[in-house]
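Participant: Just dropping this structure here.
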Protein chains: 2
Amino acid sequence: MPPTRSVTMADVARLAGVSVATVSRTLSGIRAVDPAIQQRVTDAADQLGYQVNLVGRALRQTRSSTVGLVVPDLENPYFSALAQQLSRAFSDPSIDLLVFSADSSLETEARGVRSFLGRQVDALVLIPVHEERSEAAVSTAAAAVHTIQLDRRVPGTAASYVGVSNKAGMRLIHDHVTSNIDVATQPVVYVGATPDSSSARERLEGAQRWFSRDVPTMLGDFSASWGREAARRLLDDGCTAATIVTAADVIALGVLAHLLHQGRSVPDDFRVIGFDGIGAAALAHPSLTTVRQPVEEMARSIRSLIESAGEQSSRWFEPALVLGSTSPASVER
Amino acid sequence: MPPTRSVTMADVARLAGVSVATVSRTLSGIRAVDPAIQQRVTDAADQLGYQVNLVGRALRQTRSSTVGLVVPDLENPYFSALAQQLSRAFSDPSIDLLVFSADSSLETEARGVRSFLGRQVDALVLIPVHEERSEAAVSTAAAAVHTIQLDRRVPGTAASYVGVSNKAGMRLIHDHVTSNIDVATQPVVYVGATPDSSSARERLEGAQRWFSRDVPTMLGDFSASWGREAARRLLDDGCTAATIVTAADVIALGVLAHLLHQGRSVPDDFRVIGFDGIGAAALAHPSLTTVRQPVEEMARSIRSLIESAGEQSSRWFEPALVLGSTSPASVER
DNA sequence: CTGTTAGCGCATTCAT
DNA sequence: ATGAATGCGCTAACAG
């Protein structure tokens, strides 16, 4: 279907009997133009079906009215929620948000960054795959354009950061758990993710700090299948009752699914706590107790960070406890 | 952080003592270059930290080695699964897949299409928001570039299509239900989506065709909250037992959540069937019986459609029944 | 195999 | 207020 050749400003200019400069000024509305001529130009543009070539514009302006977002994995519901909210935060027609999935690969992540930089994005939002090994990607990005790390960060880079206080989140969970359960008799187990991203590390550290330095810990990745696997191991080890604190809702949902499929009782014998506050947490039965990240505000914050076009700066949001039915409710007991 | 000025091929050429053309040829590897010179060029490029400017390249080549994907909503897990699988299908470094969310808005969808066309994408993949009102967006896209509609389509446009046979999917569900349940005594209810997308319409038509033209039907949107709402209405109407066939897993999960939270028994009193086969279906308890779309194959199919660079063509995949525990299992009864 | 030249489409000087 | 000219960074055509 690629047609003959696309219509350019020169075509519009010819039809309207003016210069290309006038066409440019008329269509971008950046300077005053005689109303009569303006009409002629827009008519001609309509008639020819003219569409700006953003590549030409970007080359000339050395910017593209585009913000790039690189996420590790779009199938992770927390990341796709961030992507969607960020898209919505840029619904203003003057800036397009484009999303690239790194497919949890450092190479692909680097490719995404190079690609966006090469496309002259005005800013880059990045959820780094790895706390150390994404350093090159983040630094490269930050050296070229305003770069904002989201949710996870690589320490020591010249990039901004927007995320939640993970330790504060773990503290909310700890306070909730200890005020409703006798932790001395009921064991607490932390099912987390290997600390190769800052959020995994901070949540692990939070669990160790608030519960106990040697809280029983199982580490895997941010996935439901890891949650199932961890639950299976727990049951295999003869565990019959526990409070399972996890590093993410997806993990918690996997844990919960396995426990329920094995006929275990939640929250009577097992309690399960998530992290993130994705929509699916409320959909589970029993509904998942979790800690919600203010995703929408975070997205808006990124937008204003980009608009202030400016300085490196970071912002930590406070998460909030969301009581579900996978843990005993304080009010009711 | 925007640095002084980015290094161009001219800088590399100067340092290596060759012409820009040689630099271009060396770095794109498109033509043979003297090994010694090649070395000098790559050394110079490394030393200066040269990165291609893809905007310049795209302007010159009138293509950008980019494929655009416009999805209605990234928070819908079926769409984000498609986006992720498609990204993976383009993991080959020579083509970047960029995703734009239309935020379920026709205006934003149109903007996304214009944006990608203006960026000279080599092909456009589109999940149209509306079966009729997205016509302009699809036609515009198809007139300019190879356009592939995914999952949903606008009839009568010059665009390719990749999706599943929705009627066949409904038939699988019908056969499963009727071979395990006495439909004469146990009512079947269809909880679907208003037919303003082709998939919503085809699934509705499938339900009416295979079950009964006047199967009780409730229509909303593709969301879990609509599922909850529908279930609430059913219970409010005094329904105490039914087989609930839905248009999507997200709807089914909402239905299921509400039924379980109301203490209803699944699958004894209520049966629930989904559509799509997203990961969360297996995570529910009881696990959701559904019909799975071969998302990965569909993604690969799109990739080869684009590579064959060619003619308009369409492909319907066959969905497969996935037995969960929200419906009676045929083998076991 | 390499250098020179030209031009992709546009926004922005500088003149007028 | 408008037009002519310039060049953003790159690759392709053409010589050599």
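Ordered as shown in the structure tokens, chains take letters A, B, and onward, while each chain numbers its residues from 1 and ligands are numbered from 1 in the order shown.
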Among region 165-228 of chain B, which ones does DSSP place in alpha helix (DSSP H), written as a ChimeraX atom specification?
Facilitator: /B:166-178,198-210,224-228
Participant: Enumerate as a PyMOL selection string the residues belonging to chain B that approach chain D to within 10 Å, with only C-alpha atoms (C1' of nucleotides) taken into account.
Facilitator: chain B and resi 8-10+20-21+24-25+28+52-61
Participant: Residues of chain B within 6 Å of chain A, using only C-alpha atoms, as an MDAnalysis selection string?
Facilitator: chainID B and resid 1:2 53:55 59 74:75 80:81 84 98:100 118:119 144:146 257 283
Participant: Next, dump the selected residues to file, keeping only C-alpha atoms, as a PDB file, in the first residue's frame.
Facilitator:
ATOM      1  CA  MET B   1      22.077  17.366  31.319  1.00  0.00           C
ATOM      2  CA  PRO B   2      21.655  18.174  27.603  1.00  0.00           C
ATOM      3  CA  ASN B  53      21.324   9.973  14.611  1.00  0.00           C
ATOM      4  CA  LEU B  54      18.345   7.908  13.518  1.00  0.00           C
ATOM      5  CA  VAL B  55      16.415  11.010  12.599  1.00  0.00           C
ATOM      6  CA  LEU B  59      14.905  11.448   6.715  1.00  0.00           C
ATOM      7  CA  LEU B  74      -2.074  -1.020  28.237  1.00  0.00           C
ATOM      8  CA  GLU B  75      -3.731  -1.888  31.535  1.00  0.00           C
ATOM      9  CA  SER B  80      -0.312  -5.863  27.282  1.00  0.00           C
ATOM     10  CA  ALA B  81       0.359  -9.534  26.581  1.00  0.00           C
ATOM     11  CA  GLN B  84       4.921  -7.857  25.054  1.00  0.00           C
ATOM     12  CA  LEU B  98       7.338   1.181  19.658  1.00  0.00           C
ATOM     13  CA  VAL B  99       4.050   1.145  21.544  1.00  0.00           C
ATOM     14  CA  PHE B 100       1.520   3.927  21.864  1.00  0.00           C
ATOM     15  CA  GLY B 118       4.868  11.199  10.658  1.00  0.00           C
ATOM     16  CA  ARG B 119       7.759   9.250  12.092  1.00  0.00           C
ATOM     17  CA  ALA B 144       0.440   5.382   3.890  1.00  0.00           C
ATOM     18  CA  VAL B 145       2.060   2.219   5.129  1.00  0.00           C
ATOM     19  CA  HIS B 146       1.517  -1.502   5.553  1.00  0.00           C
ATOM     20  CA  ALA B 257     -14.717 -12.270  42.399  1.00  0.00           C
ATOM     21  CA  LEU B 283      -4.151 -17.775  39.035  1.00  0.00           C
TER      22      LEU B 283
END
Participant: What parts of region 85-190 of chain B does DSSP call strand (DSSP E)? I'd like the answer as a ChimeraX atom specification.
Facilitator: /B:96-101,123-126,146-150,160-164,188-190
Participant: Write a file of the selected residues as an mmCIF file, in the first residue's frame, keeping C-alpha atoms.
Facilitator:
data_model
loop_
_atom_site.group_PDB
_atom_site.id
_atom_site.type_symbol
_atom_site.label_atom_id
_atom_site.label_comp_id
_atom_site.auth_asym_id
_atom_site.auth_seq_id
_atom_site.Cartn_x
_atom_site.Cartn_y
_atom_site.Cartn_z
ATOM 1 C CA ASP B 96 12.309 -1.491 16.903
ATOM 2 C CA LEU B 97 8.759 -1.962 18.081
ATOM 3 C CA LEU B 98 7.338 1.181 19.658
ATOM 4 C CA VAL B 99 4.050 1.145 21.544
ATOM 5 C CA PHE B 100 1.520 3.927 21.864
ATOM 6 C CA SER B 101 -1.565 3.745 24.081
ATOM 7 C CA ALA B 123 4.595 -0.728 9.300
ATOM 8 C CA LEU B 124 1.781 -0.073 11.722
ATOM 9 C CA VAL B 125 -0.001 -2.566 13.937
ATOM 10 C CA LEU B 126 -3.299 -1.373 15.245
ATOM 11 C CA HIS B 146 1.517 -1.502 5.553
ATOM 12 C CA THR B 147 -1.090 -1.674 8.295
ATOM 13 C CA ILE B 148 -2.100 -4.742 10.258
ATOM 14 C CA GLN B 149 -5.142 -4.825 12.450
ATOM 15 C CA LEU B 150 -4.767 -7.032 15.470
ATOM 16 C CA SER B 160 -4.361 -6.767 6.910
ATOM 17 C CA TYR B 161 -5.766 -8.573 9.918
ATOM 18 C CA VAL B 162 -4.510 -11.059 12.472
ATOM 19 C CA GLY B 163 -6.792 -12.496 15.108
ATOM 20 C CA VAL B 164 -8.641 -15.556 16.282
ATOM 21 C CA VAL B 188 -26.909 -19.854 30.572
ATOM 22 C CA VAL B 189 -26.209 -16.140 30.773
ATOM 23 C CA TYR B 190 -23.876 -14.271 28.458
#
Participant: Which residues, written as number ranges by chain, have at least one atom at most 12 Å from Phe275 (chain A), with only C-alpha atoms (C1' of nucleotides) counted and residues fewer than 2 positions away on the same chain left out?
Facilitator: A: 78, 164-173, 190-193, 199-200, 203-204, 207, 222, 244-253, 272-273, 277-281, 288-294, 319-323
Participant: Using only C-alpha atoms (C1' of nucleotides), find each residue in chain C having at least one atom no more than 9 Å away from chain B; report its shortest atom-to-atom pair and that distance in Å (one decimal), rows by chain then rising number, as JSON lines.
Facilitator:
{"residue": "C:DC1", "atom": "C1'", "partner": "B:Val33", "partner_atom": "CA", "distance": 6.5}
{"residue": "C:DT2", "atom": "C1'", "partner": "B:Thr22", "partner_atom": "CA", "distance": 7.0}
{"residue": "C:DG3", "atom": "C1'", "partner": "B:Ser19", "partner_atom": "CA", "distance": 6.4}
{"residue": "C:DG7", "atom": "C1'", "partner": "B:Arg60", "partner_atom": "CA", "distance": 8.1}
{"residue": "C:DC8", "atom": "C1'", "partner": "B:Arg60", "partner_atom": "CA", "distance": 4.5}
{"residue": "C:DG9", "atom": "C1'", "partner": "B:Leu59", "partner_atom": "CA", "distance": 7.4}
